[in-house]
Amino acid sequence: MKFGKEFASQMVPEWQAAYVDYSSLKKFLKEIHGVKQKYRQPDTPTRLQRALTLYRSFSGLDPRRNKGGSSFDDHDVENQAILVNSVRGNGSGKYETTFLMVAEEGAEYEQEFFKKLDNELNKVDKFYRSKVKEVMAEAETLTNQMHALIAFRIKVYKLQENFDVSGSNDKIMVPMNALQGTTESDNDAKQSSNGCLEIQEENPKKVVSSIRLAPQEVLNHVKLNQAIQAPFSAAKVYCASNTNKTQMNFSKDNLKKIQNQLKQAFIEFYYKLRLLKNYSFLNVLAFSKIMKKYDKITSRRASKYYMRTVDDSYIGNSDEVTKLMERVEATFIKHFSNSNRSKGMNQLRPKSKKERHSTSFGTGFFAGCTAALILALVLIIHARNILDKEGRVQYMESMFPVYSLFGFMVLHMLMHAGNIYFWRRYRVNYSFIFGFKQGTELGFREVLFLSFGLATLALISVVSNLDMEMDPKTGDYKALTELLPLSLLLLVIIVLLCPFNILYRSSRFFLLRTSFRCICAPLYKVKFQDFYLADQFTSEVQAFRSVEYYICHYGWGDFKLRQNTCKSNDIFNTFYFIVAVVPYWSRLLQCVRRFHDEKDPMQGYNGLKYFLTIVALCTRTAYGLDRGTSWKAVAWTFSAMAALYGTYWDLVVDWGLLQRRSKNRWLRDKLLIPYKSVYFGAMVLNVLLRFAWLQTVLDLSLSLHRETLIAIVASLEIIRRGIWNFFRLENEHLNNVGKFRAFKSVPLPFYNDEDEDRID
């Protein structure tokens, strides 16, 4: 792989603009090379002549060398092509290169090259300096957090001394130093060889005297952040603000939570340090590569002079990041991995996820099974002439809604797999945006494996349940085949809730946690993954109604006679409204919570969009159940308002498009896809799919069964949502790039009094 491609592949996507513009510098060199070829003189030394000169210089035949064999320093000075100066100001360095060979042909191109090179060096040096300053401040914060953790741990231990500890032999590791500074201990304290304090529970009184600064004095300056990741946090914060007093609960459970939060903070901080170190290494290497190319094209020896400047710059000479990494490693290994270096480093440096051949094989196998079963289904329907039998209408009324649920699930998973593929192709950092742990995010192959596996099981159930006639002896349909859809749904639920580490447990639990936060809106602070998943739920309204139909169909025994008496039941019709409204209501409450937290009026306008959608959905559902002219007019009005409002919000706010003054007219300034027609096509398709609800109001006379038409419209909405997902994350990624936001903020357990107003 060429260095340019490797350099681009190893960039932090959100920092791409802060790296050396290697491709632009290469273009300058191509222009210089063209000029050199044009103005090359006949007496210009060839490669063979340069080799002979080099041979003579080492063999003592070069007249420029003295009798002692050493070359004159004046020769290097005479052939020096550049002079790099460092201008200091405002605590930072600015580098300016003077090109000395101005009399040569094409010198203006080389002057422009070094001007661009200086700008790139100044850019990366300034960016690196600012990021190092940030991590140094964060290191100081983590040091204070560690001091508070020590005091909290000692306080918890002291409160336990009145309990029965005679049979206990547990040890509590109290760190003697954090990232900066140390904590002194008295001679009575027993310090282990690994730099931590081993405290035996047999003599707890020595714990308090082992640290010069009393734990209570440390804890008097900090408070416990109780609102972090806690349900009903809004109520807790409100109560705490009214009482102006936060009571610390010195329990072992709280101690464990604090340690876990600090552990995650250290892991994320170390990840940031690794990226900073890699940033420094890649940029210095890029300067070295580009200067070597320059020397090769111009036959000069300017690289050693310029690289000397790069090595002396802050990005090339600073060692703060390396020292911080060593301190973090030592602290983490001692205090969060029980001095087990292998375990600690595996947590700090998680191994990159490798593509498994079994996943690819399984994906291909289930994809083949899906295609074969679809073909078999078509052939069976044609061979048995099922479409002309009397039971087909009954089948569509009772069984088709049962199986359509799996169709919606598989389609949504296929769209998600396609999104992941294109996110990776265009370097959208979706794992950071969603907040996945390093190495736990699913690739498109894993999602395809799950979707085709579910499709295979669903199609097997469909093929097994194509009988259209009752058993003449019992008067019922076969119970075994009728229960296959329910068994498959229960299997999906069991796998989703399975606590064992199989079938991507971390991703399943992430989905469950995020779903719970969506259900509990607005009690939790809303993150991107929360409202993103809630938006997915709004496109799965028909799937939720299918789940409701499962409860009715199998709970009331309709499956035995393959009847659909649910829609004649008032309770079912009532929940038919509620189930459809719940996803939009959850999304509305999330907007309310974000409006409260961020004071952003845009969240209020977004909430109005979901309110209009709720009204439109209720009126369309009422018209579907009771087709009257009054309901038709109301459904048409609110549906049109909601569709127009939602379309504008999709294109302008969520996708960031339709900007008149953009350099890409009617799009936006930055685009990841090089083909503008893709964006215009996506906008047109989004508008068309947004108005798919027209068929429910206009009563279009289509030669399709009503359940088939409902399934088609629901599938079109899922496809629209899949398209929306890609451009929504693209816009979010570009916002992160514009702000150089490449790390997630990890909540810390303690905060000072002066930091109270800055708690997220």
# chains A, B, ... in the order shown; residues from 1 in each chain; ligands from 1

$ residues_around --residues "Pro749 in chain A" --least-positions-apart "5" --cutoff "10 Å" --atoms "only C-alpha atoms" --output "PyMOL selection string"
chain A and resi 145+148-149+222-228+254-255+257-262+265

$ write_last_selection --atoms "N, CA and C atoms" --output "tab-separated table (two decimals), in the first residue's frame"
chain	number	residue	atom	x	y	z
A	145	GLN	N	-9.64	13.29	41.06
A	145	GLN	CA	-10.62	12.22	41.21
A	145	GLN	C	-10.03	11.03	41.97
A	148	ALA	N	-9.90	11.82	45.62
A	148	ALA	CA	-11.22	11.68	46.22
A	148	ALA	C	-11.60	10.20	46.37
A	149	LEU	N	-11.20	9.38	45.40
A	149	LEU	CA	-11.47	7.95	45.50
A	149	LEU	C	-10.76	7.34	46.70
A	222	VAL	N	-15.41	18.00	47.86
A	222	VAL	CA	-16.01	17.38	46.69
A	222	VAL	C	-17.41	16.89	47.04
A	223	LYS	N	-18.17	16.64	46.00
A	223	LYS	CA	-19.50	16.08	46.14
A	223	LYS	C	-19.64	14.91	45.18
A	224	LEU	N	-20.54	14.02	45.52
A	224	LEU	CA	-20.78	12.86	44.68
A	224	LEU	C	-21.82	13.20	43.63
A	225	ASN	N	-21.47	12.93	42.38
A	225	ASN	CA	-22.37	13.24	41.28
A	225	ASN	C	-23.43	12.15	41.19
A	226	GLN	N	-24.54	12.36	41.86
A	226	GLN	CA	-25.58	11.34	41.94
A	226	GLN	C	-26.44	11.29	40.68
A	227	ALA	N	-26.39	12.33	39.87
A	227	ALA	CA	-27.27	12.37	38.69
A	227	ALA	C	-26.73	11.56	37.53
A	228	ILE	N	-25.48	11.08	37.61
A	228	ILE	CA	-24.87	10.38	36.49
A	228	ILE	C	-25.46	8.99	36.35
A	254	ASN	N	-21.75	1.97	46.24
A	254	ASN	CA	-21.34	3.25	45.65
A	254	ASN	C	-19.85	3.26	45.34
A	255	LEU	N	-19.05	2.64	46.20
A	255	LEU	CA	-17.61	2.57	45.96
A	255	LEU	C	-17.33	1.80	44.67
A	257	LYS	N	-19.36	1.50	42.10
A	257	LYS	CA	-19.78	2.33	40.96
A	257	LYS	C	-18.74	3.40	40.66
A	258	ILE	N	-18.20	4.01	41.71
A	258	ILE	CA	-17.20	5.06	41.52
A	258	ILE	C	-15.96	4.49	40.86
A	259	GLN	N	-15.52	3.33	41.32
A	259	GLN	CA	-14.34	2.70	40.72
A	259	GLN	C	-14.57	2.35	39.26
A	260	ASN	N	-15.77	1.87	38.92
A	260	ASN	CA	-16.07	1.54	37.53
A	260	ASN	C	-16.09	2.78	36.65
A	261	GLN	N	-16.64	3.88	37.18
A	261	GLN	CA	-16.67	5.11	36.40
A	261	GLN	C	-15.26	5.64	36.17
A	262	LEU	N	-14.44	5.63	37.20
A	262	LEU	CA	-13.06	6.10	37.03
A	262	LEU	C	-12.28	5.17	36.13
A	265	ALA	N	-13.14	6.15	32.72
A	265	ALA	CA	-12.53	7.44	32.42
A	265	ALA	C	-11.05	7.26	32.07

$ residues_around --residues "Leu442 in chain A" --least-positions-apart "3" --cutoff "12 Å" --atoms "only C-alpha atoms" --output "PyMOL selection string"
chain A and resi 353-355+359+413+416-417+419-421+424+430-431+434+436-439+445-450+503-508+510-511

$ closest_residue --among "A:Gly443, A:Leu716, A:Arg660, A:Pro674" --to "Arg356 in chain A" --atoms "only C-alpha atoms"
A:Gly443

$ closest_residue --among "A:Met641, A:Leu457, A:Leu373, A:Ile333" --to "Leu348 in chain A" --atoms "only C-alpha atoms"
A:Ile333

$ closest_residue --among "A:Cys520, A:Val132, A:Leu282, A:Leu142" --to "Trp585 in chain A" --atoms "only C-alpha atoms"
A:Cys520

$ closest_residue --among "A:Phe336, A:Trp636, A:Tyr109, A:Tyr271" --to "Val12 in chain A" --atoms "only C-alpha atoms"
A:Tyr271

$ residues_around --residues "Glu540 in chain A" --least-positions-apart "4" --cutoff "9 Å" --atoms "only C-alpha atoms" --output "ChimeraX atom specification"
/A:408-409,412,536,544-545,580,583,714,717-718

$ closest_residue --among "A:Leu657, A:Leu671, A:Ile710, A:Met396" --to "His733 in chain A" --atoms "only C-alpha atoms"
A:Leu671

$ atom_distance --atom1 "CA of Lys126 in chain A" --atom2 "CA of Val428 in chain A"
25.4 Å

$ closest_residue --among "A:Leu644, A:Leu489, A:Ile267, A:Cys618" --to "Phe332 in chain A" --atoms "only C-alpha atoms"
A:Ile267
